[in-house]
2 protein chains.
Amino acid sequence: MTNTIYDQGLDACAANFAQLTPLDFLARTAAIHPDRLALVHGPIRRTWAETQDRCRRLASALSARGIGRGDTVAVIAPNIPELYEAHFGIPMLGAVLNAINTRLDADTVRFILQHGEAKALLVDSEFAPLAQEALKGCDIKLVVDILDPTITHGDPIGHLDYEALLDEGDPAFEWRPPADEWDAIALNYTSGTTGNPKGVVYHHRGAALNAISQLQDWGMPAHSVYLWTLPMFHCNGWCFPWAMAANAGTSVCLRAVRAEPIFDLIAGEGVTHFCGAPIVLNMLAQNAHLKRFDHPVKVMTAGASPPAAVIQAMEDMGVEVTHVYGLTEVYGPSVVCVWKPEWNELPPDQRARLKARQGVRNAALGGLMVADPQTLAPVPHDGQTLGEIFMRGNNVMRGYLKNPEATAKAFRGGWFATGDLGVMHPDGYVEIKDRSKDIIISGGENISSVEIEDVLYRHPAVNEAAVVARPDAKWGETPCAFVDLRPGKDASEADIIAFCRDHMAHYKAPKTVVFGPLPKTSTGKIQKFVLRDQARSLSG
Amino acid sequence: MTNTIYDQGLDACAANFAQLTPLDFLARTAAIHPDRLALVHGPIRRTWAETQDRCRRLASALSARGIGRGDTVAVIAPNIPELYEAHFGIPMLGAVLNAINTRLDADTVRFILQHGEAKALLVDSEFAPLAQEALKGCDIKLVVDILDPTITHGDPIGHLDYEALLDEGDPAFEWRPPADEWDAIALNYTSGTTGNPKGVVYHHRGAALNAISQLQDWGMPAHSVYLWTLPMFHCNGWCFPWAMAANAGTSVCLRAVRAEPIFDLIAGEGVTHFCGAPIVLNMLAQNAHLKRFDHPVKVMTAGASPPAAVIQAMEDMGVEVTHVYGLTEVYGPSVVCVWKPEWNELPPDQRARLKARQGVRNAALGGLMVADPQTLAPVPHDGQTLGEIFMRGNNVMRGYLKNPEATAKAFRGGWFATGDLGVMHPDGYVEIKDRSKDIIISGGENISSVEIEDVLYRHPAVNEAAVVARPDAKWGETPCAFVDLRPGKDASEADIIAFCRDHMAHYKAPKTVVFGPLPKTSTGKIQKFVLRDQARSLSG
Ligand SMILES: Nc1ncnc2c1ncn2[C@@H]1O[C@H](COP(=O)(O)OP(=O)(O)OP(=O)(O)O)[C@@H](O)[C@H]1O
Ligand SMILES: Nc1ncnc2c1ncn2[C@@H]1O[C@H](COP(=O)(O)OP(=O)(O)OP(=O)(O)O)[C@@H](O)[C@H]1O
Ligand SMILES: [Mg+2]
Ligand SMILES: [Mg+2]
């Protein structure tokens, strides 16, 4: 690199360089909009000034109790103000927020607390029994009970309660940005859909850039009202705690995802935006009669391919769906099905097909490709050739905590290997066909379980469906469908198979259909590894 | 710094780190929206794919001719597609864009070409005579004539024309992001309002962050239609060439700022956004009868305090004004008068007073304060105490090129000293009272020239006004007003002084009024140093 006139005397200093951090979003918004509503939780309504005040107290109190840079602070809580505050208060002192999935079993929670080396745990009283069980054998010096005033509580399990902790803190606490924007801000464990959860490390830079990207990609205006249907413990709520601070919006909290309160809050609080996995959308669609709002509402969905029928049902309800795709490893959604105005002119089924595609890289993601997993050679953009989806950029994790082998494997060749299989369409939009592990190979042909599921969801009697490979002497594997019917609806195996054959290539139609409720992970994802075991035993 | 679990095995690599650069905005938008309109210039309409293609050709051709990292490439052109392309094509090869003000005299242009060590110059044929004169004594190996097809041309002065240069280039040119996001992207000379222009160096990180911040602060939706009333050579058009790539919008070009074509283009091209100094707004307001659009339009204004009357006139026209403030040193506007919805309820004069304030830091700026220029102690937030305005953050320049002394002086104490004087209001909004050099000290009292000018602009006969200090034996200094009357209107010195005394504290009213057109810099800013000389000679 030659030394040019621009390489002399133009260095970084305190005046012209600041570490990127989403904490600054709170500082700026609290300064500009101190009296605007930041958080709504039942009767509780807190402004940005109050919220900043509480976050600073939290940072100050934890700091006084010996928590510092690089210490993990775990939280087990639903979407309540305290978990929102933890997204700022904990990183303010350089500590790392580990928001734990409340639906995990005690053994997994213990695994996470131990693996993440949590120095403190904040736990909502509803989950005190879970935490108490999980804490057995853990050595955590500080356990704090969150006593949400909107519920009743059992016996506390901690050293003090959250409000008492805040009382120890100083609202004038002077937090500092991280010494390096690469410093860890959060630790998030993967869903464990494919095995043991891994500890994904986020940094301040990535969190800031991805949060801003969310606003930009969704076209989310200032002062939006966001309903917390998506768990904050899932990829830090796709970075929306930070994004909502950046856009000086209002977060409407929600302890549990049920149709009635969701419809009530959308109407009552003027909610403009919310996020949720397709199963959440499905639940709302099935309760469309509860709808009692008529202002425009937008929903962002990811976590699984949203069945076309579910997208359609939402749009019929007047809710604009943005389909996104991501993983814990990339701060939540990093791929977005950018919608083109001209597509609005297309017939509904074509629109639905376009919207079912996962899309293009979001503004924060540097690169997205579908490529041969061995050679990393991109597949042709033909919408046909299957390859693995790879990503790179500033919203890709730092790596897996204490797991250099898994990190190196995930980052082989300078790209993050998602483990998802897909195709690249001629227009540059990615479409997921399956997880590597879920693809069905029948008579040498690749069959996408997702494609079959999409057809199954179009059957009027089907509530939920999942398809896995069933070992087969002749074909190697055949598709085996697990179907949960809608209450009061009926359909036979033959009906379902016939329906599939009517709507797709015959060789792709399931050969077996099993009826009954589907096993799910704690994030509501269908556990295909359980179904695979079941399918295997059918053949046994 | 202790070594924590987060400091081990979680390093940056190609998968999880990308240098920030606004060039990526073009890459992403051209990939997602290849067929969307990027640029309109008279009959010329170019898509994002075509624009990227041309930018790559430009980079490729310049690269083949030996231009590389850290080389300055100067451009003298109005707001035409070629200057837009230069914002991408030149940095794509690591070179540095120096867009030169077309209204400068040849000596100043020569000074800039020599000081910036330009290796190549692209010049629009309208400015060929200026360039030819400026090039005398310069040693520039490559001069390229831009032959805008919408005008007629004199004799070319360069080695080849722009289209021939593009023909040498490869549209598949693989540009790479800068090796470091701190690398220079642009060189911009200050207006020279206070003396010799200084060469301000921008980097890729700052340009990317400030461009995104512009979208966020203005709430600018995807696919906005932006009219180029603001010169791209002024702080790189406040980073809007890059911002428009990020939001996949359409840039409507404009060779010259005149009311008629502006109104025509707003109506004809469906312009949604434009920027301009208050004098541009003033010109439009005076031609309000030409208005023939009724869709919502937004204007961002900076460069000088917009007189309340001008803001009012724009809003009467249905154009929403966002008042911003910045300097060449901070990528254009870095302070924004964030508008609060509740202010809409206030009476017009109060609204105007609130909107005349410069405001709060934009999303990219890290810090903003009004402080004692010696001690850097912040002034009380009382809207009264005068201090100097200081800024810090990622959208503060790297420094002044080849001028370590000026850089060190500007960055003393870890803040950028703006040279502007202002107050901090209790709500955290900054209001400029004057430049350090322009404040009038009369009988020991500080009098803001801006405050007097604001009153003068409210006088129905006044077209433009500027106030400077006139040396005075008794008072030290007294305010001296220079006033340009509207065509066909009349007012005497006594009228003007009486009007001022009616509208402000008597001691602040001008003691002298001089009538006639006002001297301006090439950016249309009033040259107070010329007026100061005149005022001094009055007293002489
Ligand atoms: N829009 C979508 N369409 C299809 N699948 C999606 C979509 N969004 C997410 N997914 C699936 O979810 C996965 C990411 O989920 P998450 O990070 O929560 O953990 P997981 O992969 O389920 O768990 P683990 O990595 O522990 O097995 C993706 O790899 C993809 O398979
Ligand atoms: N909204 C505004 N209100 C009042 N003044 C403004 C506003 N925006 C910009 N300015 C003035 O313009 C200045 C920045 O202008 P610019 O960077 O173009 O060069 P200049 O300061 O005029 O020239 P030089 O630095 O060479 O003297 C600010 O320092 C401020 O004095
Ligand atoms: Mg996974
Ligand atoms: Mg200046």
# chains A, B, ... in the order shown; residues from 1 in each chain; ligands from 1
>>> select_by_dssp(residues="range 28-267 of chain A", states="strand (DSSP E or B)", output="ChimeraX atom specification")
/A:37-41,44-47,72-76,79,96-100,118-124,142-146,160-161,184-189,199-203,225-227,250-252,254
>>> write_last_selection(atoms="N, CA and C atoms", output="compact mmCIF listing (two decimals), in the first residue's frame")
# COMPACT_ATOMS: atom_id res chain seq x y z
N LEU A 37 -43.52 8.34 24.85
CA LEU A 37 -43.75 7.04 25.42
C LEU A 37 -42.77 6.01 24.83
N ALA A 38 -42.01 5.38 25.71
CA ALA A 38 -41.08 4.35 25.27
C ALA A 38 -41.70 2.97 25.43
N LEU A 39 -42.34 2.75 26.57
CA LEU A 39 -42.81 1.41 26.91
C LEU A 39 -44.23 1.46 27.46
N VAL A 40 -45.03 0.52 27.00
CA VAL A 40 -46.37 0.33 27.54
C VAL A 40 -46.46 -1.12 27.99
N HIS A 41 -46.91 -1.31 29.22
CA HIS A 41 -47.09 -2.68 29.69
C HIS A 41 -48.31 -2.67 30.60
N ILE A 44 -48.78 0.18 32.95
CA ILE A 44 -47.49 0.89 33.06
C ILE A 44 -47.20 1.62 31.75
N ARG A 45 -46.84 2.92 31.87
CA ARG A 45 -46.47 3.70 30.71
C ARG A 45 -45.23 4.50 31.08
N ARG A 46 -44.12 4.24 30.40
CA ARG A 46 -42.87 4.91 30.74
C ARG A 46 -42.31 5.68 29.55
N THR A 47 -41.81 6.87 29.86
CA THR A 47 -41.23 7.72 28.81
C THR A 47 -39.79 7.29 28.54
N THR A 72 -21.12 -12.10 31.68
CA THR A 72 -22.44 -12.44 31.16
C THR A 72 -23.50 -12.20 32.23
N VAL A 73 -24.56 -11.52 31.85
CA VAL A 73 -25.72 -11.38 32.73
C VAL A 73 -26.92 -12.02 32.03
N ALA A 74 -27.46 -13.06 32.64
CA ALA A 74 -28.56 -13.79 32.03
C ALA A 74 -29.90 -13.23 32.51
N VAL A 75 -30.89 -13.32 31.63
CA VAL A 75 -32.24 -12.89 31.99
C VAL A 75 -33.21 -13.97 31.51
N ILE A 76 -34.12 -14.36 32.40
CA ILE A 76 -35.22 -15.25 31.99
C ILE A 76 -36.50 -14.48 32.22
N ASN A 79 -41.69 -10.84 27.36
CA ASN A 79 -41.52 -9.49 26.81
C ASN A 79 -42.10 -8.43 27.73
N VAL A 96 -22.50 -8.48 29.07
CA VAL A 96 -23.10 -9.13 27.90
C VAL A 96 -24.46 -9.70 28.30
N LEU A 97 -25.49 -9.29 27.59
CA LEU A 97 -26.85 -9.77 27.88
C LEU A 97 -27.05 -11.16 27.29
N ASN A 98 -27.47 -12.09 28.14
CA ASN A 98 -27.85 -13.41 27.65
C ASN A 98 -29.33 -13.62 27.99
N ALA A 99 -30.19 -13.32 27.02
CA ALA A 99 -31.63 -13.49 27.23
C ALA A 99 -31.98 -14.94 26.90
N ILE A 100 -32.50 -15.62 27.90
CA ILE A 100 -32.73 -17.07 27.76
C ILE A 100 -34.19 -17.34 27.45
N ALA A 118 -22.62 -17.17 33.33
CA ALA A 118 -23.38 -16.03 33.83
C ALA A 118 -22.93 -15.64 35.24
N LYS A 119 -22.72 -14.35 35.44
CA LYS A 119 -22.34 -13.84 36.76
C LYS A 119 -23.57 -13.41 37.54
N ALA A 120 -24.63 -13.13 36.82
CA ALA A 120 -25.87 -12.72 37.47
C ALA A 120 -27.04 -13.22 36.63
N LEU A 121 -28.16 -13.40 37.31
CA LEU A 121 -29.37 -13.86 36.63
C LEU A 121 -30.54 -13.01 37.10
N LEU A 122 -31.28 -12.43 36.15
CA LEU A 122 -32.53 -11.74 36.47
C LEU A 122 -33.65 -12.65 36.00
N VAL A 123 -34.60 -12.93 36.89
CA VAL A 123 -35.64 -13.88 36.50
C VAL A 123 -37.03 -13.39 36.87
N ASP A 124 -37.90 -13.43 35.90
CA ASP A 124 -39.31 -13.08 36.10
C ASP A 124 -39.95 -14.14 36.98
N LEU A 142 -25.36 -13.54 42.05
CA LEU A 142 -26.45 -12.57 42.14
C LEU A 142 -27.67 -13.04 41.35
N VAL A 143 -28.72 -13.33 42.08
CA VAL A 143 -29.99 -13.70 41.43
C VAL A 143 -31.03 -12.65 41.81
N VAL A 144 -31.69 -12.10 40.82
CA VAL A 144 -32.62 -10.99 41.05
C VAL A 144 -34.02 -11.40 40.59
N ASP A 145 -34.99 -11.22 41.47
CA ASP A 145 -36.38 -11.53 41.12
C ASP A 145 -37.03 -10.34 40.44
N ILE A 146 -37.55 -10.57 39.26
CA ILE A 146 -38.36 -9.53 38.61
C ILE A 146 -39.81 -9.79 39.00
N LEU A 160 -32.43 -10.30 45.88
CA LEU A 160 -33.26 -9.09 46.04
C LEU A 160 -34.13 -8.97 44.81
N ASP A 161 -35.09 -8.04 44.86
CA ASP A 161 -35.91 -7.92 43.67
C ASP A 161 -35.41 -6.79 42.79
N ALA A 184 -18.40 -7.60 22.75
CA ALA A 184 -19.65 -8.36 22.81
C ALA A 184 -20.75 -7.52 23.45
N ILE A 185 -21.95 -7.62 22.91
CA ILE A 185 -23.12 -6.97 23.51
C ILE A 185 -24.13 -8.00 23.98
N ALA A 186 -24.20 -9.13 23.29
CA ALA A 186 -25.21 -10.13 23.65
C ALA A 186 -24.74 -11.53 23.30
N LEU A 187 -25.30 -12.47 24.04
CA LEU A 187 -25.03 -13.89 23.83
C LEU A 187 -26.38 -14.55 23.63
N ASN A 188 -26.56 -15.20 22.50
CA ASN A 188 -27.85 -15.84 22.20
C ASN A 188 -27.63 -17.28 21.79
N TYR A 189 -28.35 -18.18 22.41
CA TYR A 189 -28.20 -19.58 22.05
C TYR A 189 -29.15 -19.92 20.91
N GLY A 199 -23.74 -21.03 21.55
CA GLY A 199 -23.77 -19.66 22.07
C GLY A 199 -23.25 -18.67 21.05
N VAL A 200 -24.16 -17.91 20.47
CA VAL A 200 -23.81 -16.97 19.41
C VAL A 200 -23.49 -15.60 20.01
N VAL A 201 -22.35 -15.05 19.65
CA VAL A 201 -21.91 -13.78 20.23
C VAL A 201 -22.13 -12.63 19.24
N TYR A 202 -22.87 -11.62 19.69
CA TYR A 202 -23.09 -10.39 18.91
C TYR A 202 -22.17 -9.28 19.41
N HIS A 203 -21.85 -8.34 18.54
CA HIS A 203 -21.06 -7.18 18.98
C HIS A 203 -21.84 -5.88 18.78
N VAL A 225 -45.33 2.33 16.51
CA VAL A 225 -45.79 1.64 17.73
C VAL A 225 -45.66 0.14 17.48
N TYR A 226 -44.79 -0.48 18.24
CA TYR A 226 -44.37 -1.85 17.97
C TYR A 226 -44.89 -2.78 19.05
N LEU A 227 -45.57 -3.82 18.64
CA LEU A 227 -46.11 -4.80 19.59
C LEU A 227 -45.15 -5.97 19.71
N THR A 250 -42.66 3.45 20.25
CA THR A 250 -43.23 2.93 21.49
C THR A 250 -43.28 1.41 21.41
N SER A 251 -42.77 0.76 22.45
CA SER A 251 -42.84 -0.69 22.53
C SER A 251 -44.01 -1.08 23.41
N VAL A 252 -44.90 -1.88 22.87
CA VAL A 252 -46.04 -2.38 23.64
C VAL A 252 -45.69 -3.81 24.06
N LEU A 254 -45.91 -7.59 25.99
CA LEU A 254 -46.89 -8.67 25.91
C LEU A 254 -46.26 -9.89 26.58
>>> select_by_dssp(residues="range 82-218 of chain A", states="helix (DSSP H, G or I)", output="PyMOL selection string")
chain A and resi 82-92+106-115+125-135+162-168+204-218
>>> closest_residue(among="A:Ala64, A:Leu135, A:Leu130, A:Ala248", to="chain B", atoms="only C-alpha atoms")
A:Ala248
>>> closest_atom_pairs(of="chain B", to="chain A", cutoff="6 Å", atoms="only C-alpha atoms", output="tab-separated table")
residue	atom	partner	partner_atom	distance
B:Thr4	CA	A:Gly70	CA	5.5
B:Gly9	CA	A:Pro404	CA	5.9
B:Leu10	CA	A:Arg398	CA	5.2
B:Ala14	CA	A:Gly414	CA	4.7
B:Ala15	CA	A:Trp415	CA	4.4
B:Asn16	CA	A:Val396	CA	4.8
B:Phe17	CA	A:Asn394	CA	4.9
B:Ala18	CA	A:Gly393	CA	5.2
B:Gly70	CA	A:Thr4	CA	5.5
B:Arg392	CA	A:Ala15	CA	4.5
B:Gly393	CA	A:Asn16	CA	4.9
B:Asn394	CA	A:Phe17	CA	4.9
B:Val396	CA	A:Asn16	CA	4.8
B:Arg398	CA	A:Leu10	CA	5.2
B:Gly399	CA	A:Leu10	CA	5.3
B:Pro404	CA	A:Gly9	CA	5.9
B:Gly414	CA	A:Ala15	CA	4.5
B:Trp415	CA	A:Ala15	CA	4.4
B:Phe416	CA	A:Ala15	CA	5.7
>>> residues_near_ligand(ligand="ligand 1", cutoff="9 Å", atoms="only C-alpha atoms and all ligand atoms", output="number ranges by chain")
A: 189-198, 234-235, 277-278, 301-306, 323-333, 335-337, 356-359, 418-421, 431-436, 450, 521, 523, 525, 527
>>> closest_residue(among="B:Ala406, B:Leu113, B:Met424, B:Ala494", to="ligand 4", atoms="only C-alpha atoms and all ligand atoms")
B:Ala406
>>> atom_distance(atom1="CA of Arg56 in chain B", atom2="CA of Phe173 in chain B")
5.6 Å
>>> closest_residue(among="A:Thr375, A:Asn101, A:Asn236, A:Ser60", to="Arg176 in chain A", atoms="only C-alpha atoms")
A:Ser60
>>> closest_residue(among="B:Ala491, B:Ile266, B:Ala285, B:Ile311", to="ligand 2", atoms="only C-alpha atoms and all ligand atoms")
B:Ile311
>>> residues_around(residues="Asp454 in chain A", least_positions_apart="6", cutoff="10 Å", atoms="only C-alpha atoms", output="list in words")
Ser305, Pro306, Pro307, Ala308, Ala309, Val310, Ala356, Ala465, Ala466 and Cys500 of chain A
>>> residues_around(residues="Gly42 in chain A", least_positions_apart="5", cutoff="12 Å", atoms="only C-alpha atoms", output="list in words")
Asn79, Ile80, Pro81, Asp148, Pro149, Thr150, Ile151, Ser251, Val252, Cys253, Leu254, Arg255, Pro261, Asp264, Leu265, Gly268 and Glu269 of chain A
>>> write_last_selection(atoms="N, CA, C and O atoms", output="PDB file, in the first residue's frame")
ATOM      1  N   ASN A  79     -41.688 -10.839  27.365  1.00  0.00           N
ATOM      2  CA  ASN A  79     -41.524  -9.494  26.810  1.00  0.00           C
ATOM      3  C   ASN A  79     -42.101  -8.426  27.730  1.00  0.00           C
ATOM      4  O   ASN A  79     -43.176  -7.890  27.490  1.00  0.00           O
ATOM      5  N   ILE A  80     -41.353  -8.105  28.777  1.00  0.00           N
ATOM      6  CA  ILE A  80     -41.765  -7.090  29.747  1.00  0.00           C
ATOM      7  C   ILE A  80     -40.720  -5.974  29.767  1.00  0.00           C
ATOM      8  O   ILE A  80     -39.617  -6.144  29.229  1.00  0.00           O
ATOM      9  N   PRO A  81     -41.053  -4.821  30.348  1.00  0.00           N
ATOM     10  CA  PRO A  81     -40.120  -3.689  30.317  1.00  0.00           C
ATOM     11  C   PRO A  81     -38.731  -4.032  30.855  1.00  0.00           C
ATOM     12  O   PRO A  81     -37.724  -3.535  30.353  1.00  0.00           O
ATOM     13  N   ASP A 148     -43.065  -8.567  38.151  1.00  0.00           N
ATOM     14  CA  ASP A 148     -43.929  -7.803  37.241  1.00  0.00           C
ATOM     15  C   ASP A 148     -45.243  -7.496  37.949  1.00  0.00           C
ATOM     16  O   ASP A 148     -45.975  -8.418  38.330  1.00  0.00           O
ATOM     17  N   PRO A 149     -45.587  -6.220  38.150  1.00  0.00           N
ATOM     18  CA  PRO A 149     -46.808  -5.893  38.894  1.00  0.00           C
ATOM     19  C   PRO A 149     -48.088  -6.333  38.188  1.00  0.00           C
ATOM     20  O   PRO A 149     -49.151  -6.310  38.798  1.00  0.00           O
ATOM     21  N   THR A 150     -48.012  -6.748  36.948  1.00  0.00           N
ATOM     22  CA  THR A 150     -49.247  -7.160  36.258  1.00  0.00           C
ATOM     23  C   THR A 150     -49.608  -8.614  36.534  1.00  0.00           C
ATOM     24  O   THR A 150     -50.632  -9.091  36.050  1.00  0.00           O
ATOM     25  N   ILE A 151     -48.767  -9.343  37.289  1.00  0.00           N
ATOM     26  CA  ILE A 151     -49.114 -10.727  37.638  1.00  0.00           C
ATOM     27  C   ILE A 151     -48.929 -10.938  39.143  1.00  0.00           C
ATOM     28  O   ILE A 151     -48.347 -10.100  39.832  1.00  0.00           O
ATOM     29  N   SER A 251     -42.768   0.758  22.446  1.00  0.00           N
ATOM     30  CA  SER A 251     -42.836  -0.693  22.532  1.00  0.00           C
ATOM     31  C   SER A 251     -44.012  -1.080  23.411  1.00  0.00           C
ATOM     32  O   SER A 251     -44.092  -0.667  24.571  1.00  0.00           O
ATOM     33  N   VAL A 252     -44.904  -1.879  22.869  1.00  0.00           N
ATOM     34  CA  VAL A 252     -46.036  -2.377  23.641  1.00  0.00           C
ATOM     35  C   VAL A 252     -45.694  -3.815  24.063  1.00  0.00           C
ATOM     36  O   VAL A 252     -45.500  -4.686  23.212  1.00  0.00           O
ATOM     37  N   CYS A 253     -45.583  -4.014  25.365  1.00  0.00           N
ATOM     38  CA  CYS A 253     -45.143  -5.313  25.878  1.00  0.00           C
ATOM     39  C   CYS A 253     -46.286  -6.328  25.867  1.00  0.00           C
ATOM     40  O   CYS A 253     -47.462  -5.967  25.767  1.00  0.00           O
ATOM     41  N   LEU A 254     -45.915  -7.587  25.992  1.00  0.00           N
ATOM     42  CA  LEU A 254     -46.887  -8.674  25.913  1.00  0.00           C
ATOM     43  C   LEU A 254     -46.258  -9.891  26.583  1.00  0.00           C
ATOM     44  O   LEU A 254     -45.239 -10.376  26.137  1.00  0.00           O
ATOM     45  N   ARG A 255     -46.900 -10.359  27.649  1.00  0.00           N
ATOM     46  CA  ARG A 255     -46.311 -11.506  28.351  1.00  0.00           C
ATOM     47  C   ARG A 255     -46.475 -12.804  27.583  1.00  0.00           C
ATOM     48  O   ARG A 255     -45.623 -13.670  27.637  1.00  0.00           O
ATOM     49  N   PRO A 261     -55.569 -10.742  23.236  1.00  0.00           N
ATOM     50  CA  PRO A 261     -54.830  -9.526  23.629  1.00  0.00           C
ATOM     51  C   PRO A 261     -54.093  -8.871  22.459  1.00  0.00           C
ATOM     52  O   PRO A 261     -53.949  -7.649  22.429  1.00  0.00           O
ATOM     53  N   ASP A 264     -56.604  -6.845  20.728  1.00  0.00           N
ATOM     54  CA  ASP A 264     -56.960  -5.728  21.612  1.00  0.00           C
ATOM     55  C   ASP A 264     -55.903  -4.636  21.585  1.00  0.00           C
ATOM     56  O   ASP A 264     -56.217  -3.447  21.490  1.00  0.00           O
ATOM     57  N   LEU A 265     -54.637  -5.047  21.701  1.00  0.00           N
ATOM     58  CA  LEU A 265     -53.562  -4.055  21.778  1.00  0.00           C
ATOM     59  C   LEU A 265     -53.367  -3.347  20.444  1.00  0.00           C
ATOM     60  O   LEU A 265     -53.081  -2.146  20.409  1.00  0.00           O
ATOM     61  N   GLY A 268     -56.205  -0.946  20.617  1.00  0.00           N
ATOM     62  CA  GLY A 268     -56.195  -0.017  21.745  1.00  0.00           C
ATOM     63  C   GLY A 268     -54.972   0.876  21.798  1.00  0.00           C
ATOM     64  O   GLY A 268     -55.053   2.033  22.218  1.00  0.00           O
ATOM     65  N   GLU A 269     -53.815   0.360  21.394  1.00  0.00           N
ATOM     66  CA  GLU A 269     -52.582   1.146  21.493  1.00  0.00           C
ATOM     67  C   GLU A 269     -52.149   1.697  20.129  1.00  0.00           C
ATOM     68  O   GLU A 269     -51.093   2.316  20.023  1.00  0.00           O
TER      69      GLU A 269
END
>>> residues_around(residues="Ala86 in chain B", least_positions_apart="3", cutoff="8 Å", atoms="only C-alpha atoms", output="PyMOL selection string")
chain B and resi 55+58+75+82-83+89-91+97
